[in-house]
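Dumped final_2.pdb below, it's PDB, C-alpha atoms:
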ATOM      1  CA  MET A   1      62.768  40.246  94.795
ATOM      2  CA  THR A   2      64.096  43.197  96.753
ATOM      3  CA  SER A   3      65.120  45.615  93.999
ATOM      4  CA  ASP A   4      63.757  46.740  90.674
ATOM      5  CA  VAL A   5      66.924  45.919  88.786
ATOM      6  CA  MET A   6      68.951  42.772  89.274
ATOM      7  CA  PRO A   7      72.750  43.236  89.369
ATOM      8  CA  ARG A   8      74.595  42.221  86.226
ATOM      9  CA  GLY A   9      77.437  39.754  86.370
ATOM     10  CA  ARG A  10      75.992  37.382  88.921
ATOM     11  CA  ARG A  11      76.540  33.808  87.800
ATOM     12  CA  LEU A  12      73.296  31.861  88.029
ATOM     13  CA  GLU A  13      72.313  28.375  87.030
ATOM     14  CA  PRO A  14      70.226  28.319  83.809
ATOM     15  CA  ASP A  15      66.978  27.533  85.634
ATOM     16  CA  ALA A  16      67.573  30.353  88.112
ATOM     17  CA  ARG A  17      68.420  32.787  85.315
ATOM     18  CA  ARG A  18      65.252  31.835  83.445
ATOM     19  CA  GLU A  19      63.161  32.346  86.591
ATOM     20  CA  GLN A  20      64.850  35.704  87.177
ATOM     21  CA  ILE A  21      63.881  36.885  83.691
ATOM     22  CA  LEU A  22      60.353  35.579  84.149
ATOM     23  CA  ALA A  23      59.932  37.312  87.514
ATOM     24  CA  CYS A  24      60.992  40.646  86.046
ATOM     25  CA  ALA A  25      58.683  40.166  83.055
ATOM     26  CA  VAL A  26      55.742  39.406  85.336
ATOM     27  CA  ARG A  27      56.361  42.637  87.224
ATOM     28  CA  LEU A  28      56.851  44.832  84.163
ATOM     29  CA  PHE A  29      53.867  43.453  82.267
ATOM     30  CA  GLY A  30      51.810  44.179  85.371
ATOM     31  CA  GLU A  31      53.031  47.756  85.552
ATOM     32  CA  ARG A  32      52.645  48.686  81.877
ATOM     33  CA  PRO A  33      50.654  47.497  78.842
ATOM     34  CA  TYR A  34      52.256  44.819  76.704
ATOM     35  CA  ALA A  35      53.108  47.273  73.906
ATOM     36  CA  ASP A  36      54.967  49.555  76.320
ATOM     37  CA  VAL A  37      57.332  46.844  77.613
ATOM     38  CA  SER A  38      60.353  45.948  75.491
ATOM     39  CA  THR A  39      62.675  42.985  75.763
ATOM     40  CA  THR A  40      65.422  45.520  76.490
ATOM     41  CA  ASP A  41      63.435  46.756  79.499
ATOM     42  CA  ILE A  42      63.068  43.204  80.783
ATOM     43  CA  ALA A  43      66.715  42.336  80.150
ATOM     44  CA  ASN A  44      67.874  45.465  81.981
ATOM     45  CA  ALA A  45      65.579  44.743  84.920
ATOM     46  CA  ALA A  46      66.817  41.149  85.096
ATOM     47  CA  GLY A  47      70.448  42.146  84.649
ATOM     48  CA  VAL A  48      70.967  39.854  81.657
ATOM     49  CA  ALA A  49      71.780  40.189  77.970
ATOM     50  CA  ARG A  50      68.719  40.591  75.774
ATOM     51  CA  GLY A  51      69.736  37.518  73.804
ATOM     52  CA  LEU A  52      68.966  35.352  76.820
ATOM     53  CA  ILE A  53      65.292  36.261  76.511
ATOM     54  CA  ASN A  54      65.299  34.847  72.988
ATOM     55  CA  HIS A  55      67.230  31.826  74.192
ATOM     56  CA  TYR A  56      64.759  30.913  76.945
ATOM     57  CA  PHE A  57      61.465  32.227  75.582
ATOM     58  CA  GLY A  58      61.907  32.748  71.855
ATOM     59  CA  THR A  59      60.147  36.091  71.484
ATOM     60  CA  LYS A  60      58.658  38.859  73.576
ATOM     61  CA  LYS A  61      55.247  37.279  73.042
ATOM     62  CA  GLY A  62      56.574  33.908  74.126
ATOM     63  CA  LEU A  63      57.810  35.484  77.350
ATOM     64  CA  PHE A  64      54.490  37.267  77.827
ATOM     65  CA  LEU A  65      52.530  34.039  77.356
ATOM     66  CA  GLU A  66      54.717  32.311  79.917
ATOM     67  CA  SER A  67      54.178  35.242  82.299
ATOM     68  CA  VAL A  68      50.420  34.878  81.929
ATOM     69  CA  ARG A  69      50.632  31.101  82.356
ATOM     70  CA  VAL A  70      52.625  31.269  85.583
ATOM     71  CA  LEU A  71      50.226  33.835  87.062
ATOM     72  CA  VAL A  72      46.941  32.102  86.251
ATOM     73  CA  THR A  73      47.807  28.401  86.475
ATOM     74  CA  ILE A  74      47.460  26.524  89.765
ATOM     75  CA  PRO A  75      50.725  24.629  90.335
ATOM     76  CA  ALA A  76      50.521  20.988  91.352
ATOM     77  CA  VAL A  77      52.436  21.720  94.552
ATOM     78  CA  ALA A  78      49.641  24.020  95.768
ATOM     79  CA  VAL A  79      47.216  21.092  95.742
ATOM     80  CA  GLU A  80      49.751  18.641  97.145
ATOM     81  CA  GLN A  81      50.379  20.907 100.136
ATOM     82  CA  LEU A  82      46.740  21.320 101.136
ATOM     83  CA  PRO A  83      46.184  20.186 104.720
ATOM     84  CA  ARG A  84      44.464  16.956 105.539
ATOM     85  CA  GLY A  85      41.066  17.467 107.063
ATOM     86  CA  ASP A  86      37.404  17.857 106.344
ATOM     87  CA  LEU A  87      35.894  19.712 103.410
ATOM     88  CA  ALA A  88      35.705  23.049 105.220
ATOM     89  CA  THR A  89      39.374  22.878 106.202
ATOM     90  CA  ARG A  90      40.543  22.124 102.675
ATOM     91  CA  VAL A  91      38.284  24.719 101.087
ATOM     92  CA  ASP A  92      39.453  27.346 103.557
ATOM     93  CA  ALA A  93      43.089  26.544 102.749
ATOM     94  CA  SER A  94      42.412  26.577  99.009
ATOM     95  CA  VAL A  95      40.705  29.972  99.105
ATOM     96  CA  THR A  96      43.448  31.362 101.346
ATOM     97  CA  TRP A  97      46.086  30.214  98.858
ATOM     98  CA  PHE A  98      44.240  31.823  95.937
ATOM     99  CA  LEU A  99      43.742  35.152  97.686
ATOM    100  CA  ASP A 100      47.372  35.172  98.846
ATOM    101  CA  VAL A 101      48.611  34.675  95.290
ATOM    102  CA  VAL A 102      46.386  37.255  93.620
ATOM    103  CA  SER A 103      47.084  39.866  96.283
ATOM    104  CA  ARG A 104      50.849  39.279  96.173
ATOM    105  CA  HIS A 105      50.897  39.870  92.409
ATOM    106  CA  SER A 106      47.745  41.965  92.145
ATOM    107  CA  ARG A 107      48.632  44.264  89.243
ATOM    108  CA  SER A 108      50.315  41.513  87.263
ATOM    109  CA  TRP A 109      47.495  39.040  87.939
ATOM    110  CA  LEU A 110      44.809  41.512  86.894
ATOM    111  CA  ALA A 111      46.748  42.295  83.714
ATOM    112  CA  ALA A 112      47.145  38.591  82.990
ATOM    113  CA  VAL A 113      43.460  37.703  83.305
ATOM    114  CA  ASP A 114      42.707  40.694  81.064
ATOM    115  CA  GLY A 115      45.132  39.387  78.456
ATOM    116  CA  GLY A 116      47.616  42.189  78.987
ATOM    117  CA  GLY A 117      45.577  44.678  77.018
ATOM    118  CA  VAL A 118      46.319  43.038  73.667
ATOM    119  CA  GLY A 119      42.712  42.213  72.818
ATOM    120  CA  ARG A 120      41.283  38.816  71.917
ATOM    121  CA  ASP A 121      44.567  37.128  71.103
ATOM    122  CA  PRO A 122      44.010  33.389  70.426
ATOM    123  CA  ASP A 123      47.290  32.371  72.068
ATOM    124  CA  ILE A 124      46.440  34.222  75.260
ATOM    125  CA  GLU A 125      42.912  32.831  75.246
ATOM    126  CA  ARG A 126      44.394  29.331  74.888
ATOM    127  CA  VAL A 127      46.647  29.864  77.917
ATOM    128  CA  LEU A 128      43.719  31.169  79.981
ATOM    129  CA  ALA A 129      41.503  28.268  78.881
ATOM    130  CA  GLU A 130      44.198  25.727  79.762
ATOM    131  CA  ALA A 131      44.537  27.345  83.186
ATOM    132  CA  ASP A 132      40.778  26.993  83.721
ATOM    133  CA  GLU A 133      40.948  23.283  82.888
ATOM    134  CA  ILE A 134      43.821  22.768  85.319
ATOM    135  CA  ALA A 135      41.908  24.733  87.953
ATOM    136  CA  ALA A 136      38.834  22.544  87.453
ATOM    137  CA  ASP A 137      40.822  19.369  88.048
ATOM    138  CA  SER A 138      42.738  20.913  90.966
ATOM    139  CA  ILE A 139      39.573  22.021  92.745
ATOM    140  CA  LEU A 140      38.006  18.591  92.322
ATOM    141  CA  VAL A 141      41.103  17.144  93.988
ATOM    142  CA  ALA A 142      40.878  19.718  96.780
ATOM    143  CA  VAL A 143      37.249  18.845  97.565
ATOM    144  CA  GLY A 144      37.832  15.092  97.472
ATOM    145  CA  LEU A 145      36.379  14.351  94.043
ATOM    146  CA  ALA A 146      39.575  13.556  92.174
ATOM    147  CA  GLU A 147      38.367  10.075  91.270
ATOM    148  CA  ALA A 148      34.799  11.023  90.387
ATOM    149  CA  THR A 149      33.838   9.668  86.976
ATOM    150  CA  ARG A 150      30.038   9.918  86.941
ATOM    151  CA  HIS A 151      28.895  13.265  85.553
ATOM    152  CA  ARG A 152      32.502  14.419  85.423
ATOM    153  CA  ASP A 153      31.889  16.765  82.501
ATOM    154  CA  GLU A 154      29.110  18.492  84.424
ATOM    155  CA  LEU A 155      31.220  18.652  87.570
ATOM    156  CA  ARG A 156      34.082  20.261  85.687
ATOM    157  CA  ALA A 157      31.698  22.704  83.996
ATOM    158  CA  MET A 158      30.354  23.806  87.369
ATOM    159  CA  VAL A 159      33.858  24.215  88.737
ATOM    160  CA  ARG A 160      34.896  26.276  85.716
ATOM    161  CA  ALA A 161      31.896  28.503  86.399
ATOM    162  CA  TYR A 162      33.097  28.798  89.992
ATOM    163  CA  CYS A 163      36.526  29.826  88.680
ATOM    164  CA  GLY A 164      34.806  32.667  86.842
ATOM    165  CA  LEU A 165      33.272  33.743  90.147
ATOM    166  CA  ALA A 166      36.691  33.574  91.815
ATOM    167  CA  LYS A 167      38.196  35.889  89.207
ATOM    168  CA  ALA A 168      35.295  38.330  89.462
ATOM    169  CA  THR A 169      35.512  38.300  93.260
ATOM    170  CA  ALA A 170      39.248  39.008  93.184
ATOM    171  CA  ARG A 171      38.590  41.923  90.862
ATOM    172  CA  GLU A 172      35.908  43.347  93.185
ATOM    173  CA  TRP A 173      38.463  43.192  95.991
ATOM    174  CA  LEU A 174      41.703  44.211  94.301
ATOM    175  CA  GLU A 175      40.594  46.556  91.548
ATOM    176  CA  ARG A 176      37.273  48.049  92.602
ATOM    177  CA  ASP A 177      37.781  47.909  96.379
ATOM    178  CA  ALA A 178      34.114  46.948  96.667
ATOM    179  CA  LEU A 179      34.879  43.948  98.909
ATOM    180  CA  ASP A 180      37.495  43.435 101.573
ATOM    181  CA  ARG A 181      39.548  40.256 101.834
ATOM    182  CA  GLU A 182      37.373  38.734 104.552
ATOM    183  CA  GLN A 183      34.251  39.223 102.443
ATOM    184  CA  ALA A 184      35.961  37.782  99.366
ATOM    185  CA  HIS A 185      37.098  34.752 101.358
ATOM    186  CA  LEU A 186      33.638  34.143 102.813
ATOM    187  CA  LEU A 187      31.989  34.404  99.398
ATOM    188  CA  LEU A 188      34.372  31.970  97.717
ATOM    189  CA  ALA A 189      34.571  29.441 100.541
ATOM    190  CA  THR A 190      30.815  29.369 101.174
ATOM    191  CA  THR A 191      30.029  29.044  97.475
ATOM    192  CA  LEU A 192      32.443  26.155  96.950
ATOM    193  CA  ILE A 193      31.145  24.259  99.967
ATOM    194  CA  THR A 194      27.584  24.811  98.749
ATOM    195  CA  LEU A 195      28.515  23.459  95.332
ATOM    196  CA  VAL A 196      29.963  20.304  96.847
ATOM    197  CA  GLU A 197      27.293  19.674  99.463
ATOM    198  CA  ARG A 198      24.126  20.864  97.742
ATOM    199  CA  VAL A 199      24.640  21.284  93.998
ATOM    200  CA  PHE A 200      26.910  18.406  92.967
ATOM    201  CA  PRO A 201      24.621  15.785  94.579
ATOM    202  CA  THR A 202      21.730  16.879  92.321
ATOM    203  CA  LEU A 203      23.626  15.454  89.363
ATOM    204  CA  ASP A 204      23.081  11.962  90.693
ATOM    205  CA  PRO A 205      19.837  11.981  92.729
ATOM    206  CA  GLU A 206      18.917   8.849  94.608
TER     207      GLU A 206
END
Written form, structure tokens:
Amino acid sequence: MTSDVMPRGRRLEPDARREQILACAVRLFGERPYADVSTTDIANAAGVARGLINHYFGTKKGLFLESVRVLVTIPAVAVEQLPRGDLATRVDASVTWFLDVVSRHSRSWLAAVDGGGVGRDPDIERVLAEADEIAADSILVAVGLAEATRHRDELRAMVRAYCGLAKATAREWLERDALDREQAHLLLATTLITLVERVFPTLDPE
């Protein structure tokens, strides 16, 4: 998106119009707390009538939840497009993708993982928990364990714990400036490879 406000009057297909509204909401919710963003603000930024927000998302909260979901959920296409290769190659590509995404939408992503400043809202916590489950399955695919059935609950638990590390690492880089991108990448890639090569095998010792 090249401007803060989209021009009114442009005829867009419904899917494109919905994505336009969502993109503006993601930006605005990243810039200001949830309570300080109105549906009028979002409609004006997207160049649409406010009624379209209700049409596509129901309520302001519905739009906010979708904004959080799109920011924190790994899309299937990201896994499908990982390069073929050995574990190190696929882990490197996976970590690169993650750091690219969180840096591109840094303020919005940080707001999303914090729940937008609305406290312990059960709907937001559900969206974040669902994203963690999708991430667990996606990472198992990325490291070649998509079909693993033995100890799968433990594997997924360990990967969810790794996801917590990934979020904390991104925060140390983006928010606290305590790590640079290279350090964040090394930490996440090395840890994931160690999990696969040294920790996961302990679940099923010979």
#### Entry: Distance in Å - atom CA of A:Glu197 versus atom CA of A:Ala142
13.8 Å
#### Entry: Result set of the PyMOL selection byres ((chain A and resi 54-71) around 6) on the coordinates above, as number ranges by chain
A: 26, 51-53, 72-73, 109, 112
Only C-alpha atoms, please: the residues just picked out, written as a tab-separated table (two decimals), keeping the file's coordinate frame.
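Listed below is the output, selection-v8.tsv:
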chain	number	residue	atom	x	y	z
A	26	VAL	CA	55.74	39.41	85.34
A	51	GLY	CA	69.74	37.52	73.80
A	52	LEU	CA	68.97	35.35	76.82
A	53	ILE	CA	65.29	36.26	76.51
A	72	VAL	CA	46.94	32.10	86.25
A	73	THR	CA	47.81	28.40	86.48
A	109	TRP	CA	47.50	39.04	87.94
A	112	ALA	CA	47.14	38.59	82.99
### Message
One number please: atom CA of A:Gln81 to atom CA of A:Tyr162, in Å, one decimal.
### Response
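Pair atom CA of A:Gln81 / atom CA of A:Tyr162 returns 21.5 Å.
In this model, the gap between atom CA of A:Glu19 and atom CA of A:Ser106 comes to 19.0 Å.
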### Task
Determine the nearest neighbour of A:Val127 from the options A:Asp36, A:Asp114, A:Pro201, A:Gly30, counting all atoms listed in the file.
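Looking only at the distances to A:Val127, the closest residue turns out to be A:Asp114.
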### Query
Quick one: of A:Glu182, A:Asp121, A:Asp100, A:Asp204, who's nearest to A:Leu155, counting only C-alpha atoms?
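Among the listed residues, the smallest separation from A:Leu155 belongs to A:Asp204.
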### Message
Set the distance at 8 Å and use all atoms listed in the file: which residues neighbour A:Glu31 once local chain neighbours fewer than 3 positions away are removed? I'd like the list as JSON, numbers by chain.
### Response
{"A": [27, 28, 107, 108]}
### Task
Please evaluate the PyMOL selection byres ((chain A and resi 203) around 9) against the structure above and give the resulting residues as a PyMOL selection string.
chain A and resi 150-151+154-155+199-202+204-205
### Task
Tell me, as a ChimeraX atom specification, which residues lie within 12 Å of stretch 175-179 of chain A, counting all atoms listed in the file; anything in the same chain fewer than 3 positions away does not count.
/A:102-103,106-111,167-172,182-187
### Selection result of the PyMOL selection byres ((chain A and resi 24) around 10) on this file, as JSON, numbers by chain
{"A": [1, 4, 5, 6, 19, 20, 21, 22, 23, 25, 26, 27, 28, 29, 30, 41, 42, 43, 44, 45, 46, 47, 67]}
### Task
Please identify all polymer residues within 9 Å of A:Cys163, counting all atoms listed in the file, omitting same-chain residues fewer than 4 positions from it, and present them as number ranges by chain.
A: 132, 135-136, 158-159, 167-168
### Task
Could you check which of A:Ala35, A:Val143, A:Leu128, A:Val48 is closest to A:Ile74, using all atoms listed in the file?
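Closest candidate: A:Leu128.
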#### Entry: Using all atoms listed in the file: which of A:Asp92, A:Glu80, A:Asp123, A:Glu13 has the shortest distance to A:Thr191
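Using all atoms listed in the file, the shortest distance to A:Thr191 belongs to A:Asp92.
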Got a minute to add N, CA and C atoms to stretch 100-128 of chain A and dump it as an mmCIF file, in the frame of the given file?
data_model
loop_
_atom_site.group_PDB
_atom_site.id
_atom_site.type_symbol
_atom_site.label_atom_id
_atom_site.label_comp_id
_atom_site.auth_asym_id
_atom_site.auth_seq_id
_atom_site.Cartn_x
_atom_site.Cartn_y
_atom_site.Cartn_z
ATOM 1 N N ASP A 100 45.971 34.800 98.609
ATOM 2 C CA ASP A 100 47.372 35.172 98.846
ATOM 3 C C ASP A 100 48.097 35.446 97.535
ATOM 4 N N VAL A 101 47.910 34.555 96.575
ATOM 5 C CA VAL A 101 48.611 34.675 95.290
ATOM 6 C C VAL A 101 48.166 35.922 94.543
ATOM 7 N N VAL A 102 46.849 36.118 94.424
ATOM 8 C CA VAL A 102 46.386 37.255 93.620
ATOM 9 C C VAL A 102 46.696 38.587 94.293
ATOM 10 N N SER A 103 46.755 38.607 95.611
ATOM 11 C CA SER A 103 47.084 39.866 96.283
ATOM 12 C C SER A 103 48.583 40.154 96.211
ATOM 13 N N ARG A 104 49.391 39.105 96.242
ATOM 14 C CA ARG A 104 50.849 39.279 96.173
ATOM 15 C C ARG A 104 51.268 39.831 94.818
ATOM 16 N N HIS A 105 50.567 39.429 93.773
ATOM 17 C CA HIS A 105 50.897 39.870 92.409
ATOM 18 C C HIS A 105 49.694 40.587 91.790
ATOM 19 N N SER A 106 49.063 41.458 92.545
ATOM 20 C CA SER A 106 47.745 41.965 92.145
ATOM 21 C C SER A 106 47.749 42.628 90.774
ATOM 22 N N ARG A 107 48.653 43.570 90.531
ATOM 23 C CA ARG A 107 48.632 44.264 89.243
ATOM 24 C C ARG A 107 48.957 43.310 88.099
ATOM 25 N N SER A 108 49.933 42.453 88.316
ATOM 26 C CA SER A 108 50.315 41.513 87.263
ATOM 27 C C SER A 108 49.216 40.492 87.021
ATOM 28 N N TRP A 109 48.567 40.023 88.098
ATOM 29 C CA TRP A 109 47.495 39.040 87.939
ATOM 30 C C TRP A 109 46.312 39.643 87.203
ATOM 31 N N LEU A 110 45.924 40.857 87.567
ATOM 32 C CA LEU A 110 44.809 41.512 86.894
ATOM 33 C C LEU A 110 45.116 41.726 85.418
ATOM 34 N N ALA A 111 46.359 42.117 85.118
ATOM 35 C CA ALA A 111 46.748 42.295 83.714
ATOM 36 C C ALA A 111 46.701 40.973 82.969
ATOM 37 N N ALA A 112 47.117 39.903 83.637
ATOM 38 C CA ALA A 112 47.145 38.591 82.990
ATOM 39 C C ALA A 112 45.744 38.108 82.640
ATOM 40 N N VAL A 113 44.812 38.197 83.585
ATOM 41 C CA VAL A 113 43.460 37.703 83.305
ATOM 42 C C VAL A 113 42.740 38.586 82.289
ATOM 43 N N ASP A 114 43.246 39.813 82.098
ATOM 44 C CA ASP A 114 42.707 40.694 81.064
ATOM 45 C C ASP A 114 43.424 40.521 79.732
ATOM 46 N N GLY A 115 44.393 39.608 79.691
ATOM 47 C CA GLY A 115 45.132 39.387 78.456
ATOM 48 C C GLY A 115 46.158 40.446 78.149
ATOM 49 N N GLY A 116 46.551 41.215 79.173
ATOM 50 C CA GLY A 116 47.616 42.189 78.987
ATOM 51 C C GLY A 116 47.263 43.367 78.103
ATOM 52 N N GLY A 117 45.986 43.549 77.843
ATOM 53 C CA GLY A 117 45.577 44.678 77.018
ATOM 54 C C GLY A 117 45.859 44.516 75.540
ATOM 55 N N VAL A 118 46.021 43.256 75.089
ATOM 56 C CA VAL A 118 46.319 43.038 73.667
ATOM 57 C C VAL A 118 45.098 42.559 72.892
ATOM 58 N N GLY A 119 43.931 42.610 73.516
ATOM 59 C CA GLY A 119 42.712 42.213 72.818
ATOM 60 C C GLY A 119 42.507 40.706 72.830
ATOM 61 N N ARG A 120 41.641 40.235 71.960
ATOM 62 C CA ARG A 120 41.283 38.816 71.917
ATOM 63 C C ARG A 120 42.333 38.037 71.124
ATOM 64 N N ASP A 121 43.481 37.866 71.729
ATOM 65 C CA ASP A 121 44.567 37.128 71.103
ATOM 66 C C ASP A 121 44.329 35.634 71.319
ATOM 67 N N PRO A 122 44.316 34.812 70.258
ATOM 68 C CA PRO A 122 44.010 33.389 70.426
ATOM 69 C C PRO A 122 45.016 32.647 71.280
ATOM 70 N N ASP A 123 46.282 33.050 71.245
ATOM 71 C CA ASP A 123 47.290 32.371 72.068
ATOM 72 C C ASP A 123 47.063 32.649 73.549
ATOM 73 N N ILE A 124 46.717 33.886 73.864
ATOM 74 C CA ILE A 124 46.440 34.222 75.260
ATOM 75 C C ILE A 124 45.173 33.515 75.722
ATOM 76 N N GLU A 125 44.156 33.513 74.882
ATOM 77 C CA GLU A 125 42.912 32.831 75.246
ATOM 78 C C GLU A 125 43.155 31.339 75.474
ATOM 79 N N ARG A 126 44.064 30.749 74.696
ATOM 80 C CA ARG A 126 44.394 29.331 74.888
ATOM 81 C C ARG A 126 45.046 29.108 76.241
ATOM 82 N N VAL A 127 45.980 29.985 76.619
ATOM 83 C CA VAL A 127 46.647 29.864 77.917
ATOM 84 C C VAL A 127 45.633 29.995 79.052
ATOM 85 N N LEU A 128 44.727 30.970 78.941
ATOM 86 C CA LEU A 128 43.719 31.169 79.981
ATOM 87 C C LEU A 128 42.762 29.984 80.054
#
